[in-house]
$ cat my_file.cif   # mmCIF, C-alpha atoms
data_structure
#
loop_
_atom_site.group_PDB
_atom_site.id
_atom_site.type_symbol
_atom_site.label_atom_id
_atom_site.label_comp_id
_atom_site.auth_asym_id
_atom_site.auth_seq_id
_atom_site.Cartn_x
_atom_site.Cartn_y
_atom_site.Cartn_z
ATOM 1 C CA MET K 1 -26.951 228.881 -87.755
ATOM 2 C CA SER K 2 -26.104 232.541 -87.431
ATOM 3 C CA GLU K 3 -24.194 234.312 -84.678
ATOM 4 C CA ASP K 4 -27.494 235.628 -83.243
ATOM 5 C CA ASP K 5 -28.662 232.064 -82.642
ATOM 6 C CA LYS K 6 -25.794 231.253 -80.290
ATOM 7 C CA ILE K 7 -27.010 230.009 -76.891
ATOM 8 C CA VAL K 8 -25.021 231.114 -73.830
ATOM 9 C CA ILE K 9 -25.313 230.556 -70.083
ATOM 10 C CA PHE K 10 -26.843 233.673 -68.568
ATOM 11 C CA GLU K 11 -26.428 232.684 -64.893
ATOM 12 C CA SER K 12 -25.991 229.633 -62.685
ATOM 13 C CA TYR K 13 -28.134 229.087 -59.602
ATOM 14 C CA TYR K 14 -27.601 226.661 -56.751
ATOM 15 C CA ASP K 15 -31.302 226.873 -55.899
ATOM 16 C CA PRO K 16 -33.211 225.053 -58.694
ATOM 17 C CA MET K 17 -36.494 226.768 -57.852
ATOM 18 C CA LEU K 18 -34.882 230.209 -58.090
ATOM 19 C CA ALA K 19 -33.659 229.351 -61.593
ATOM 20 C CA GLN K 20 -37.247 228.490 -62.578
ATOM 21 C CA ILE K 21 -38.531 231.768 -61.089
ATOM 22 C CA ILE K 22 -35.996 233.805 -63.073
ATOM 23 C CA ARG K 23 -36.782 231.752 -66.205
ATOM 24 C CA THR K 24 -40.504 232.506 -65.938
ATOM 25 C CA ARG K 25 -39.771 236.195 -65.281
ATOM 26 C CA LEU K 26 -37.732 236.366 -68.499
ATOM 27 C CA GLU K 27 -40.295 234.380 -70.511
ATOM 28 C CA ALA K 28 -43.060 236.683 -69.281
ATOM 29 C CA ASN K 29 -41.115 239.552 -70.871
ATOM 30 C CA GLY K 30 -40.740 237.769 -74.211
ATOM 31 C CA ILE K 31 -37.238 236.319 -73.771
ATOM 32 C CA PRO K 32 -36.976 232.681 -74.938
ATOM 33 C CA CYS K 33 -34.863 230.741 -72.445
ATOM 34 C CA PHE K 34 -34.491 227.361 -70.756
ATOM 35 C CA VAL K 35 -32.762 225.812 -67.764
ATOM 36 C CA SER K 36 -30.272 222.966 -67.928
ATOM 37 C CA ASP K 37 -29.126 220.519 -65.236
ATOM 38 C CA TYR K 38 -32.398 221.109 -63.363
ATOM 39 C CA ASN K 39 -33.323 217.432 -63.064
ATOM 40 C CA THR K 40 -29.875 216.441 -61.835
ATOM 41 C CA ALA K 41 -29.941 219.137 -59.151
ATOM 42 C CA GLU K 42 -33.461 218.154 -58.050
ATOM 43 C CA ILE K 43 -32.997 214.381 -58.016
ATOM 44 C CA ILE K 44 -29.439 214.279 -56.600
ATOM 45 C CA PRO K 45 -28.961 217.578 -54.708
ATOM 46 C CA TYR K 46 -25.413 216.875 -53.570
ATOM 47 C CA TYR K 47 -24.302 216.838 -57.246
ATOM 48 C CA ASN K 48 -25.392 220.474 -57.525
ATOM 49 C CA GLN K 49 -21.941 221.829 -56.644
ATOM 50 C CA ALA K 50 -20.196 219.356 -58.951
ATOM 51 C CA ILE K 51 -22.247 220.303 -62.021
ATOM 52 C CA GLY K 52 -21.980 224.027 -61.333
ATOM 53 C CA GLY K 53 -25.613 224.580 -60.386
ATOM 54 C CA VAL K 54 -28.696 224.954 -62.544
ATOM 55 C CA LYS K 55 -27.872 226.985 -65.628
ATOM 56 C CA LEU K 56 -30.202 229.520 -67.211
ATOM 57 C CA ASN K 57 -29.578 229.586 -70.980
ATOM 58 C CA VAL K 58 -30.565 232.427 -73.319
ATOM 59 C CA PHE K 59 -29.713 233.582 -76.816
ATOM 60 C CA GLU K 60 -26.625 235.778 -76.904
ATOM 61 C CA LYS K 61 -28.577 238.570 -78.611
ATOM 62 C CA ASP K 62 -30.915 238.759 -75.576
ATOM 63 C CA LEU K 63 -28.232 239.177 -72.879
ATOM 64 C CA ASP K 64 -28.569 242.950 -72.531
ATOM 65 C CA ARG K 65 -32.361 242.743 -72.420
ATOM 66 C CA CYS K 66 -32.164 240.045 -69.701
ATOM 67 C CA HIS K 67 -29.994 242.281 -67.533
ATOM 68 C CA GLU K 68 -32.443 245.159 -68.042
ATOM 69 C CA ILE K 69 -35.462 243.041 -67.075
ATOM 70 C CA LEU K 70 -33.843 241.726 -63.914
ATOM 71 C CA ALA K 71 -32.549 245.182 -62.985
ATOM 72 C CA ILE K 72 -36.074 246.612 -63.277
ATOM 73 C CA ASP K 73 -37.875 243.783 -61.474
ATOM 74 C CA GLY K 74 -35.080 243.047 -58.994
ATOM 75 C CA ASP K 75 -32.980 239.906 -59.215
ATOM 76 C CA THR K 76 -34.005 237.567 -56.394
ATOM 77 C CA ASN K 77 -30.563 235.941 -56.477
ATOM 78 C CA ASP K 78 -29.152 238.788 -54.366
ATOM 79 C CA GLU K 79 -32.011 239.021 -51.878
ATOM 80 C CA ILE K 80 -31.782 237.420 -48.461
ATOM 81 C CA TYR K 81 -34.985 235.944 -47.129
ATOM 82 C CA PRO K 82 -34.800 235.585 -43.351
ATOM 83 C CA GLU K 83 -35.654 232.246 -41.763
ATOM 84 C CA ILE K 84 -38.595 232.351 -39.370
ATOM 85 C CA ASP K 85 -39.120 230.103 -36.352
ATOM 86 C CA HIS K 86 -42.651 228.759 -36.825
ATOM 87 C CA GLU K 87 -43.196 228.171 -33.099
ATOM 88 C CA THR K 88 -42.391 231.709 -31.946
ATOM 89 C CA ALA K 89 -42.857 233.559 -35.287
ATOM 90 C CA ALA K 90 -39.487 235.250 -34.704
ATOM 91 C CA VAL K 91 -36.690 235.756 -37.211
ATOM 92 C CA ILE K 92 -33.750 233.392 -36.649
ATOM 93 C CA VAL K 93 -30.502 235.313 -36.106
ATOM 94 C CA CYS K 94 -26.953 234.076 -35.646
ATOM 95 C CA PRO K 95 -25.925 234.205 -31.960
ATOM 96 C CA TYR K 96 -22.313 234.935 -32.986
ATOM 97 C CA CYS K 97 -22.699 237.885 -35.377
ATOM 98 C CA GLY K 98 -26.418 238.794 -35.302
ATOM 99 C CA SER K 99 -26.944 238.208 -39.040
ATOM 100 C CA ASN K 100 -30.230 236.789 -40.359
ATOM 101 C CA ASP K 101 -28.490 235.163 -43.352
ATOM 102 C CA VAL K 102 -28.923 231.671 -41.871
ATOM 103 C CA LYS K 103 -30.164 228.348 -43.200
ATOM 104 C CA TYR K 104 -31.147 225.088 -41.512
ATOM 105 C CA GLY K 105 -29.500 222.018 -42.991
ATOM 106 C CA THR K 106 -26.920 219.304 -42.555
ATOM 107 C CA ASP K 107 -24.341 219.959 -39.873
ATOM 108 C CA THR K 108 -20.891 220.338 -41.400
ATOM 109 C CA GLU K 109 -19.024 220.551 -38.097
ATOM 110 C CA VAL K 110 -19.349 216.904 -37.057
ATOM 111 C CA LYS K 111 -17.633 214.703 -39.624
ATOM 112 C CA PHE K 112 -18.170 211.330 -37.929
ATOM 113 C CA HIS K 113 -21.645 210.119 -36.979
ATOM 114 C CA LEU K 114 -21.933 206.331 -36.712
ATOM 115 C CA PRO K 115 -25.478 205.843 -38.154
ATOM 116 C CA SER K 116 -24.764 208.057 -41.158
ATOM 117 C CA VAL K 117 -21.405 206.353 -41.754
ATOM 118 C CA LEU K 118 -23.046 202.908 -41.724
ATOM 119 C CA VAL K 119 -25.881 203.896 -44.049
ATOM 120 C CA SER K 120 -23.437 205.646 -46.378
ATOM 121 C CA PHE K 121 -21.103 202.652 -46.415
ATOM 122 C CA PHE K 122 -23.779 200.066 -47.229
ATOM 123 C CA THR K 123 -25.739 202.156 -49.757
ATOM 124 C CA GLY K 124 -22.847 204.023 -51.382
ATOM 125 C CA VAL K 125 -24.792 207.282 -51.011
ATOM 126 C CA PRO K 126 -23.595 209.920 -48.531
ATOM 127 C CA VAL K 127 -26.236 210.426 -45.852
ATOM 128 C CA TYR K 128 -26.151 213.073 -43.134
ATOM 129 C CA PHE K 129 -28.400 212.763 -40.110
ATOM 130 C CA ARG K 130 -27.181 215.694 -38.042
ATOM 131 C CA THR K 131 -28.756 219.062 -38.775
ATOM 132 C CA ALA K 132 -28.025 222.535 -37.455
ATOM 133 C CA TRP K 133 -28.321 226.208 -38.347
ATOM 134 C CA HIS K 134 -25.501 227.655 -40.467
ATOM 135 C CA CYS K 135 -24.670 231.361 -40.716
ATOM 136 C CA PHE K 136 -23.417 232.436 -44.155
ATOM 137 C CA ASN K 137 -22.120 235.742 -42.780
ATOM 138 C CA CYS K 138 -19.624 234.432 -40.202
ATOM 139 C CA GLY K 139 -19.571 230.724 -41.156
ATOM 140 C CA GLU K 140 -20.536 229.419 -37.697
ATOM 141 C CA THR K 141 -23.034 226.610 -37.046
ATOM 142 C CA PHE K 142 -25.394 226.611 -34.090
ATOM 143 C CA GLN K 143 -28.405 224.746 -32.734
#
$ encode --input "my_file.cif" --output "structure tokens"
Amino acid sequence: MSEDDKIVIFESYYDPMLAQIIRTRLEANGIPCFVSDYNTAEIIPYYNQAIGGVKLNVFEKDLDRCHEILAIDGDTNDEIYPEIDHETAAVIVCPYCGSNDVKYGTDTEVKFHLPSVLVSFFTGVPVYFRTAWHCFNCGETFQ
């Protein structure tokens, strides 16, 4: 095995689908690559932080070409896609700072919720029933 055949991690993504999109973009331009830890992140999403996300692996000789391809096409890892309320067709914005960098998911503010504690205790799997909007700009959660 020569030095050109060395496989390195190009980038890590916490969104498994985004890693697949970038992988197909690179493969469409002739770069052989693969993703690792995809199945773990898809099957058990709360392990995603522990494993360091989904890793996009490429040959070390192709690193510069990968950066060129993503610079030309635009790397979707840096883009912010606004959330849209499907009832009113309006963009969801944070009431605290006005940012549209928000995501709907589990509520991190409330640590104790009796049904989720009981289910988590008896199954051994952490379960969260409360959901809310979270702003990644100011860190606030809102309904």
$ atom_distance --input "my_file.cif" --atom1 "CA of Val125 in chain K" --atom2 "CA of Tyr46 in chain K"
9.9 Å
$ resolve_selection --input "my_file.cif" --expression "the PyMOL selection byres ((chain K and resi 135) around 8)" --output "ChimeraX atom specification"
/K:94,99-103,133-134,136-141
$ atom_distance --input "my_file.cif" --atom1 "CA of Asp37 in chain K" --atom2 "CA of Leu63 in chain K"
20.2 Å
$ atom_distance --input "my_file.cif" --atom1 "CA of Ile7 in chain K" --atom2 "CA of Val58 in chain K"
5.6 Å
$ residues_near_point --input "my_file.cif" --point "(-34.7, 217.3, -59.0)" --cutoff "12 Å" --atoms "all atoms listed in the file" --output "CSV table (one decimal) with C-alpha atoms, keeping the file's coordinate frame"
chain,number,residue,atom,x,y,z
K,14,TYR,CA,-27.6,226.7,-56.8
K,15,ASP,CA,-31.3,226.9,-55.9
K,16,PRO,CA,-33.2,225.1,-58.7
K,17,MET,CA,-36.5,226.8,-57.9
K,36,SER,CA,-30.3,223.0,-67.9
K,37,ASP,CA,-29.1,220.5,-65.2
K,38,TYR,CA,-32.4,221.1,-63.4
K,39,ASN,CA,-33.3,217.4,-63.1
K,40,THR,CA,-29.9,216.4,-61.8
K,41,ALA,CA,-29.9,219.1,-59.2
K,42,GLU,CA,-33.5,218.2,-58.0
K,43,ILE,CA,-33.0,214.4,-58.0
K,44,ILE,CA,-29.4,214.3,-56.6
K,45,PRO,CA,-29.0,217.6,-54.7
K,46,TYR,CA,-25.4,216.9,-53.6
K,47,TYR,CA,-24.3,216.8,-57.2
K,48,ASN,CA,-25.4,220.5,-57.5
K,53,GLY,CA,-25.6,224.6,-60.4
K,54,VAL,CA,-28.7,225.0,-62.5
$ closest_residue --input "my_file.cif" --among "K:Ile92, K:Ile69, K:Leu114, K:Ala132" --to "Ala28 in chain K" --atoms "only C-alpha atoms"
K:Ile69
$ residues_around --input "my_file.cif" --residues "Phe59 in chain K" --least-positions-apart "6" --cutoff "10 Å" --atoms "all atoms listed in the file" --output "MDAnalysis selection string"
chainID K and resid 3:10 31:34 66
$ axis_aligned_box --input "my_file.cif" --around "range 96-99 of chain K" --padding-each-side "6 Å" --output "JSON"
{"center_x": -24.6, "center_y": 236.9, "center_z": -36.0, "size_x": 16.6, "size_y": 15.9, "size_z": 18.1}
$ residues_around --input "my_file.cif" --residues "Arg65 in chain K" --least-positions-apart "2" --cutoff "10 Å" --atoms "only C-alpha atoms" --output "JSON, numbers by chain"
{"K": [26, 29, 30, 31, 61, 62, 63, 67, 68, 69, 70, 71]}
$ resolve_selection --input "my_file.cif" --expression "the PyMOL selection byres ((chain K and resi 22) around 10)" --output "number ranges by chain"
K: 11, 13, 17-21, 23-28, 33, 35, 56, 66, 70, 75-77
$ write_last_selection --input "my_file.cif" --atoms "C-alpha atoms" --output "compact mmCIF listing (two decimals), in the frame of the given file"
# COMPACT_ATOMS: atom_id res chain seq x y z
CA GLU K 11 -26.43 232.68 -64.89
CA TYR K 13 -28.13 229.09 -59.60
CA MET K 17 -36.49 226.77 -57.85
CA LEU K 18 -34.88 230.21 -58.09
CA ALA K 19 -33.66 229.35 -61.59
CA GLN K 20 -37.25 228.49 -62.58
CA ILE K 21 -38.53 231.77 -61.09
CA ARG K 23 -36.78 231.75 -66.20
CA THR K 24 -40.50 232.51 -65.94
CA ARG K 25 -39.77 236.20 -65.28
CA LEU K 26 -37.73 236.37 -68.50
CA GLU K 27 -40.30 234.38 -70.51
CA ALA K 28 -43.06 236.68 -69.28
CA CYS K 33 -34.86 230.74 -72.44
CA VAL K 35 -32.76 225.81 -67.76
CA LEU K 56 -30.20 229.52 -67.21
CA CYS K 66 -32.16 240.04 -69.70
CA LEU K 70 -33.84 241.73 -63.91
CA ASP K 75 -32.98 239.91 -59.22
CA THR K 76 -34.01 237.57 -56.39
CA ASN K 77 -30.56 235.94 -56.48
